[in-house]
Each structure stands twice: as C-alpha cells, then as structure tokens.
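One structure is given below, encoded as structure tokens.
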Amino acid sequence: MHSLQFTAESSSNGMVERDFTVGGIPGVLWSPASGADRAPLVLMGHGGGAHKKHRAMAGRARLLVTGCGFHAAVIDAPGHGDRPRTAHDEQEIAELRKAQAAGEPEGPIVVRYNARLAELAVPEWQATLDALQELPEIGADGPVGYVGIGLGMAIGVPLVAAEPRITAAVFGMMWPDALVEAARQITVPIEFDLQWDNERIPREGSLALFDAFASKEKSLHANAGKHMEMPRFEADSATRFFARHLGRAATSPA
C-alpha cells in the first residue's frame with residue numbers, strides 16, 4: 001500500500017488545503033479548519049483538460065467543507081495537471097483538436113481516450129482512497145461519495161462500479177458508449193446532470209445512460225442550455241445530495 005505524503009498546507013475561510021502525493025500521484029485534500037471528529041469524504045473527479053485545483057473543484061470543495069463539514073479530495077488524472085503527457089496523450093489530443101477544427105464528431109475520440117484514462121485512473125483512485133482512510137480524521141469506516149462531470153464521470157462510473165466503499169455519486173456530461181455496462185452494476189443513489197440542448201453529447205445518449213444505472217434511487221437534473229452552460233446551482237444540489245446520503249445536514253457556506 002502506498003502511503004500518503006503531505007507536501008504543502010494552507011488555510012483560509014474555515015478550510016484547510018493540503019497538497020499530497022500517493023505513489024507519485026499528486027492530489028489535494030480540503031478539510032474543515034476546526035474539529036478533530038471524523039467526517040465523510042467526497043472524492044471529486046475533474047473535467048478533461050482541467051486539474052485538481054481547477055476553480056470548479058475548489059468551489060465544490062468549499063461547499064462540501066464549509067457547508068457540510070466534509071473532507072473533499074481530488075487527484076490529477078493521467079496526463080493532466082502536474083502529471084506529464086505521454087506520446088499517446090499528445091496523439092489523442094491532436095486528433096481531438098483536428099476533429100473539432102473540421103467540425104467533425106468528437107465523441108468517438110473522447111470516448112476512446114477517456115476510456116484509456118479510466119483504466120489507469122481507477123486503481124490510482126482506489127490506492128488514494130486506501131491512503132486517505134488511514135488518516136484519523138477520515139477513517140476506514142466513514143462514508144464516501146464521488147462527484148465527476150465530463151472526464152470525471154468517465155473515470156467515476158467504472159470506479160463506483162468497482163468500489164463498494166463509495167455509497168453515493170453525482171455524475172454528468174459524458175458520452176454513454178463506454179459506460180453503460182459499468183452503469184448497470186451501480187446500485188448506490190445517483191444524481192445525474194445533463195444539458196438539454198447539449199450540442200456535443202446527444203440527449204438520447206444521456207437519457208439512455210441514466211436509464212442504465214441500476215440504482216433504486218436516482219434523480220435526473222436536466223437544464224436548458226449547451227454543454228458548457230450547466231448552472232452553478234447544480235453544485236449546491238450535489239452538496240445537498242451528499243448531505244442526505246453521507247449523513248450530515250448542509251448549511252450555507254459563510
């Protein structure tokens with residue numbers, strides 16, 4: 001088992017931010033600034049082309065930490081953030097940019113590339129969860145959630161399917177092609193976000209993926225707008241979702 005090594009720490013507005021590595025994988029853990037009691041943990045998967053400290057991750061972390069008293073953790077996906085790109089990464093990204101410039105479908109490239117990233121990232125996330133649960137403020141028996149949009153969903157669906165410690169998840173905004181079989185193995189409560197007018201991911205595919213989840217409790221949040229126009233209030237909704245399923249009441253962040 002790889003141990004967790006903290007490499008930097010800062011605090012502000014009631015939240016502590018700690019950079020860490022696990023087996024060479026860089027990540028960040030946000031925690032409440034006060035209180036030594038154990039608290040639930042939410043793992044967060046960042047989007048494609050983003051990184052562990054992207055403003056979307058930091059914003060979600062603030063809601064979870066200051067609103068619920070949770071811990072929130074992100075690791076850089078392969079080829080993202082502080083992790084170098086491989087020749088394979090560069091080739092796939094070049095093909096994606098070429099397709100986008102030509103107005104050709106990007107879905108087949110994204111699905112293929114993200115499926116490969118998920119193969120690498122799922123065991124990395126499991127090793128990270130092992131290490132995080134060694135911390136006394138998290139513990140091995142505490143509840144764990146996962147939230148991932150875009151690439152975060154492409155990694156998160158196979159992760160949640162394979163990882164029984166994760167008991168609630170929020171997903172959204174990914175082509176269904178490589179995810180349907182894993183979705184059929186997921187039975188934990190799910191919140192699923194989609195943009196009704198998404199110009200990149202067909203609505204029918206998103207609805208089919210939602211239908212594939214075997215969860216008895218699952219909710220579909222469909223908002224008008226294009227791919228990059230998901231309302232910010234969906235992050236608040238996800239926070240309330242985790243508060244319900246991981247065991248603490250949500251309050252408005254200061």
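All residue names refer to the structure tokens as shown: chains lettered A, B, ... in order, residues numbered from 1 in each chain, ligands numbered from 1 in order.
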**Request:** Run DSSP on the backbone of this structure and report the residues of region 49-182 of chain A it assigns to helix (DSSP H, G or I), as a ChimeraX atom specification.
**Result:** /A:55-68,87-102,107-132,151-162,180-182
Output for the residues just chosen: C-alpha atoms as a JSON list (two decimals), in the first residue's frame:
```json
[["chain", "number", "residue", "atom", "x", "y", "z"],
["A", 55, "ARG", "CA", -11.88, 26.57, -9.85],
["A", 56, "ALA", "CA", -14.75, 24.09, -10.25],
["A", 57, "MET", "CA", -13.02, 21.69, -7.86],
["A", 58, "ALA", "CA", -12.13, 24.38, -5.35],
["A", 59, "GLY", "CA", -15.69, 25.70, -5.49],
["A", 60, "ARG", "CA", -17.26, 22.30, -4.90],
["A", 61, "ALA", "CA", -14.79, 21.66, -2.09],
["A", 62, "ARG", "CA", -15.79, 24.89, -0.36],
["A", 63, "LEU", "CA", -19.47, 23.90, -0.46],
["A", 64, "LEU", "CA", -18.75, 20.44, 0.93],
["A", 65, "VAL", "CA", -16.26, 21.51, 3.59],
["A", 66, "THR", "CA", -17.80, 24.72, 4.93],
["A", 67, "GLY", "CA", -21.41, 23.72, 4.22],
["A", 68, "CYS", "CA", -21.32, 20.11, 5.45],
["A", 87, "ALA", "CA", 3.05, 10.41, -26.54],
["A", 88, "HIS", "CA", -0.34, 8.69, -26.54],
["A", 89, "ASP", "CA", -1.91, 11.67, -24.75],
["A", 90, "GLU", "CA", -0.44, 14.08, -27.30],
["A", 91, "GLN", "CA", -1.68, 12.00, -30.23],
["A", 92, "GLU", "CA", -5.23, 11.72, -28.90],
["A", 93, "ILE", "CA", -5.41, 15.43, -28.08],
["A", 94, "ALA", "CA", -4.11, 16.35, -31.54],
["A", 95, "GLU", "CA", -6.77, 14.14, -33.16],
["A", 96, "LEU", "CA", -9.45, 15.74, -30.99],
["A", 97, "ARG", "CA", -8.38, 19.27, -31.91],
["A", 98, "LYS", "CA", -8.29, 18.31, -35.59],
["A", 99, "ALA", "CA", -11.82, 16.92, -35.44],
["A", 100, "GLN", "CA", -13.10, 19.99, -33.61],
["A", 101, "ALA", "CA", -11.49, 22.34, -36.14],
["A", 102, "ALA", "CA", -13.04, 20.41, -39.02],
["A", 107, "GLY", "CA", -17.39, 11.76, -29.42],
["A", 108, "PRO", "CA", -15.54, 8.70, -30.75],
["A", 109, "ILE", "CA", -12.16, 10.24, -29.91],
["A", 110, "VAL", "CA", -13.19, 11.44, -26.45],
["A", 111, "VAL", "CA", -14.81, 8.10, -25.59],
["A", 112, "ARG", "CA", -11.73, 6.14, -26.67],
["A", 113, "TYR", "CA", -9.25, 8.43, -24.92],
["A", 114, "ASN", "CA", -11.24, 8.77, -21.70],
["A", 115, "ALA", "CA", -11.76, 5.01, -21.50],
["A", 116, "ARG", "CA", -7.98, 4.58, -21.54],
["A", 117, "LEU", "CA", -7.55, 7.27, -18.88],
["A", 118, "ALA", "CA", -10.15, 5.49, -16.74],
["A", 119, "GLU", "CA", -8.24, 2.20, -16.97],
["A", 120, "LEU", "CA", -5.24, 3.99, -15.48],
["A", 121, "ALA", "CA", -7.09, 6.21, -13.03],
["A", 122, "VAL", "CA", -9.42, 3.73, -11.31],
["A", 123, "PRO", "CA", -6.63, 1.83, -9.49],
["A", 124, "GLU", "CA", -4.97, 5.17, -8.69],
["A", 125, "TRP", "CA", -8.17, 6.38, -7.07],
["A", 126, "GLN", "CA", -8.51, 3.15, -5.11],
["A", 127, "ALA", "CA", -4.94, 3.48, -3.80],
["A", 128, "THR", "CA", -5.67, 7.12, -2.92],
["A", 129, "LEU", "CA", -8.82, 6.14, -1.03],
["A", 130, "ASP", "CA", -6.84, 3.48, 0.86],
["A", 131, "ALA", "CA", -4.32, 6.13, 1.91],
["A", 132, "LEU", "CA", -6.92, 8.78, 2.80],
["A", 151, "LEU", "CA", -13.85, 13.19, -17.72],
["A", 152, "GLY", "CA", -14.67, 12.92, -14.02],
["A", 153, "MET", "CA", -17.71, 10.85, -14.98],
["A", 154, "ALA", "CA", -15.77, 8.73, -17.49],
["A", 155, "ILE", "CA", -13.44, 7.76, -14.64],
["A", 156, "GLY", "CA", -16.07, 7.80, -11.92],
["A", 157, "VAL", "CA", -18.60, 5.34, -13.35],
["A", 158, "PRO", "CA", -16.13, 2.42, -13.56],
["A", 159, "LEU", "CA", -14.66, 3.49, -10.21],
["A", 160, "VAL", "CA", -18.01, 3.47, -8.41],
["A", 161, "ALA", "CA", -18.93, 0.18, -10.09],
["A", 162, "ALA", "CA", -15.71, -1.39, -8.78],
["A", 180, "VAL", "CA", -23.33, 1.58, -19.99],
["A", 181, "GLU", "CA", -22.07, -1.80, -18.77],
["A", 182, "ALA", "CA", -20.44, -0.28, -15.68]]
```
**Request:** List every residue of region 47-245 of chain A that DSSP, applied to the backbone of this structure, assigns to strand (DSSP E or B), and report them as a PyMOL selection string.
**Result:** chain A and resi 71-75+144-149+166-172+190-195+218-223
How about saving the chosen residues, N, CA and C atoms kept, as a PDB file, in the first residue's frame?
```pdb
ATOM      1  N   HIS A  71     -14.759  16.248   4.201  1.00  0.00           N
ATOM      2  CA  HIS A  71     -13.474  16.332   3.512  1.00  0.00           C
ATOM      3  C   HIS A  71     -13.748  16.152   2.023  1.00  0.00           C
ATOM      4  N   ALA A  72     -12.927  16.776   1.170  1.00  0.00           N
ATOM      5  CA  ALA A  72     -13.048  16.638  -0.280  1.00  0.00           C
ATOM      6  C   ALA A  72     -11.658  16.457  -0.869  1.00  0.00           C
ATOM      7  N   ALA A  73     -11.512  15.514  -1.776  1.00  0.00           N
ATOM      8  CA  ALA A  73     -10.193  15.196  -2.337  1.00  0.00           C
ATOM      9  C   ALA A  73     -10.268  15.042  -3.849  1.00  0.00           C
ATOM     10  N   VAL A  74      -9.204  15.501  -4.516  1.00  0.00           N
ATOM     11  CA  VAL A  74      -9.062  15.364  -5.970  1.00  0.00           C
ATOM     12  C   VAL A  74      -7.643  14.896  -6.262  1.00  0.00           C
ATOM     13  N   ILE A  75      -7.480  14.052  -7.275  1.00  0.00           N
ATOM     14  CA  ILE A  75      -6.154  13.759  -7.807  1.00  0.00           C
ATOM     15  C   ILE A  75      -6.125  14.154  -9.278  1.00  0.00           C
ATOM     16  N   VAL A 144     -18.292   7.504   2.039  1.00  0.00           N
ATOM     17  CA  VAL A 144     -17.532   8.079   0.929  1.00  0.00           C
ATOM     18  C   VAL A 144     -18.476   8.323  -0.248  1.00  0.00           C
ATOM     19  N   GLY A 145     -18.362   9.504  -0.850  1.00  0.00           N
ATOM     20  CA  GLY A 145     -19.113   9.821  -2.053  1.00  0.00           C
ATOM     21  C   GLY A 145     -18.170  10.141  -3.202  1.00  0.00           C
ATOM     22  N   TYR A 146     -18.732  10.287  -4.394  1.00  0.00           N
ATOM     23  CA  TYR A 146     -17.932  10.651  -5.566  1.00  0.00           C
ATOM     24  C   TYR A 146     -18.758  11.588  -6.433  1.00  0.00           C
ATOM     25  N   VAL A 147     -18.103  12.641  -6.958  1.00  0.00           N
ATOM     26  CA  VAL A 147     -18.733  13.524  -7.930  1.00  0.00           C
ATOM     27  C   VAL A 147     -17.779  13.719  -9.101  1.00  0.00           C
ATOM     28  N   GLY A 148     -18.300  13.578 -10.322  1.00  0.00           N
ATOM     29  CA  GLY A 148     -17.475  13.766 -11.508  1.00  0.00           C
ATOM     30  C   GLY A 148     -18.313  14.150 -12.706  1.00  0.00           C
ATOM     31  N   ILE A 149     -17.900  15.220 -13.378  1.00  0.00           N
ATOM     32  CA  ILE A 149     -18.565  15.693 -14.583  1.00  0.00           C
ATOM     33  C   ILE A 149     -17.581  15.565 -15.744  1.00  0.00           C
ATOM     34  N   ILE A 166     -17.725   3.439  -1.946  1.00  0.00           N
ATOM     35  CA  ILE A 166     -18.425   4.640  -2.407  1.00  0.00           C
ATOM     36  C   ILE A 166     -19.922   4.359  -2.403  1.00  0.00           C
ATOM     37  N   THR A 167     -20.673   5.144  -1.630  1.00  0.00           N
ATOM     38  CA  THR A 167     -22.084   4.822  -1.391  1.00  0.00           C
ATOM     39  C   THR A 167     -23.059   5.845  -1.964  1.00  0.00           C
ATOM     40  N   ALA A 168     -22.567   6.863  -2.661  1.00  0.00           N
ATOM     41  CA  ALA A 168     -23.434   7.839  -3.326  1.00  0.00           C
ATOM     42  C   ALA A 168     -22.589   8.564  -4.367  1.00  0.00           C
ATOM     43  N   ALA A 169     -23.213   8.943  -5.495  1.00  0.00           N
ATOM     44  CA  ALA A 169     -22.418   9.562  -6.559  1.00  0.00           C
ATOM     45  C   ALA A 169     -23.244  10.548  -7.368  1.00  0.00           C
ATOM     46  N   VAL A 170     -22.560  11.584  -7.855  1.00  0.00           N
ATOM     47  CA  VAL A 170     -23.141  12.577  -8.762  1.00  0.00           C
ATOM     48  C   VAL A 170     -22.335  12.549 -10.057  1.00  0.00           C
ATOM     49  N   PHE A 171     -23.037  12.403 -11.185  1.00  0.00           N
ATOM     50  CA  PHE A 171     -22.387  12.297 -12.482  1.00  0.00           C
ATOM     51  C   PHE A 171     -23.027  13.257 -13.476  1.00  0.00           C
ATOM     52  N   GLY A 172     -22.378  13.398 -14.642  1.00  0.00           N
ATOM     53  CA  GLY A 172     -22.997  14.141 -15.721  1.00  0.00           C
ATOM     54  C   GLY A 172     -22.059  14.416 -16.877  1.00  0.00           C
ATOM     55  N   ILE A 190     -27.871   7.912  -7.028  1.00  0.00           N
ATOM     56  CA  ILE A 190     -27.231   8.665  -8.103  1.00  0.00           C
ATOM     57  C   ILE A 190     -27.995   9.968  -8.348  1.00  0.00           C
ATOM     58  N   GLU A 191     -27.246  11.044  -8.563  1.00  0.00           N
ATOM     59  CA  GLU A 191     -27.801  12.272  -9.129  1.00  0.00           C
ATOM     60  C   GLU A 191     -27.099  12.490 -10.463  1.00  0.00           C
ATOM     61  N   PHE A 192     -27.865  12.724 -11.523  1.00  0.00           N
ATOM     62  CA  PHE A 192     -27.316  12.763 -12.877  1.00  0.00           C
ATOM     63  C   PHE A 192     -27.698  14.082 -13.536  1.00  0.00           C
ATOM     64  N   ASP A 193     -26.703  14.834 -13.994  1.00  0.00           N
ATOM     65  CA  ASP A 193     -26.922  16.142 -14.607  1.00  0.00           C
ATOM     66  C   ASP A 193     -26.757  16.058 -16.124  1.00  0.00           C
ATOM     67  N   LEU A 194     -27.637  16.722 -16.844  1.00  0.00           N
ATOM     68  CA  LEU A 194     -27.438  16.850 -18.295  1.00  0.00           C
ATOM     69  C   LEU A 194     -27.948  18.206 -18.758  1.00  0.00           C
ATOM     70  N   GLN A 195     -27.357  18.659 -19.862  1.00  0.00           N
ATOM     71  CA  GLN A 195     -27.811  19.880 -20.520  1.00  0.00           C
ATOM     72  C   GLN A 195     -28.713  19.496 -21.684  1.00  0.00           C
ATOM     73  N   LYS A 218     -32.429   7.300  -7.957  1.00  0.00           N
ATOM     74  CA  LYS A 218     -31.644   8.098  -8.890  1.00  0.00           C
ATOM     75  C   LYS A 218     -32.513   9.250  -9.382  1.00  0.00           C
ATOM     76  N   SER A 219     -31.888  10.412  -9.533  1.00  0.00           N
ATOM     77  CA  SER A 219     -32.632  11.581  -9.988  1.00  0.00           C
ATOM     78  C   SER A 219     -31.925  12.209 -11.175  1.00  0.00           C
ATOM     79  N   LEU A 220     -32.728  12.696 -12.129  1.00  0.00           N
ATOM     80  CA  LEU A 220     -32.228  13.309 -13.355  1.00  0.00           C
ATOM     81  C   LEU A 220     -32.446  14.810 -13.273  1.00  0.00           C
ATOM     82  N   HIS A 221     -31.355  15.560 -13.415  1.00  0.00           N
ATOM     83  CA  HIS A 221     -31.432  17.019 -13.415  1.00  0.00           C
ATOM     84  C   HIS A 221     -31.126  17.510 -14.831  1.00  0.00           C
ATOM     85  N   ALA A 222     -32.151  17.914 -15.556  1.00  0.00           N
ATOM     86  CA  ALA A 222     -31.992  18.384 -16.932  1.00  0.00           C
ATOM     87  C   ALA A 222     -32.241  19.882 -16.975  1.00  0.00           C
ATOM     88  N   ASN A 223     -31.228  20.615 -17.429  1.00  0.00           N
ATOM     89  CA  ASN A 223     -31.331  22.060 -17.522  1.00  0.00           C
ATOM     90  C   ASN A 223     -31.209  22.512 -18.972  1.00  0.00           C
TER      91      ASN A 223
END
```
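From CA of Arg200 (chain A) back to CA of Gly49 (chain A), the distance works out to 16.1 Å.
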**Prompt:** For Asp19 (chain A), which residue out of A:His2, A:Lys52, A:His245, A:Arg38 is the nearest one, using only C-alpha atoms?
**Reply:** A:Lys52
**Request:** Write out as a list in words which residues come within 7 Å of Leu4 (chain A) when counting only C-alpha atoms, dropping same-chain ones fewer than 6 positions away.
**Result:** Phe20, Thr21, Val22 and Ala131 of chain A
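The closest residue to Asn198 (chain A), picked from A:Gly23, A:Met174, A:Pro40, A:Arg184 and counting only C-alpha atoms, is A:Met174.
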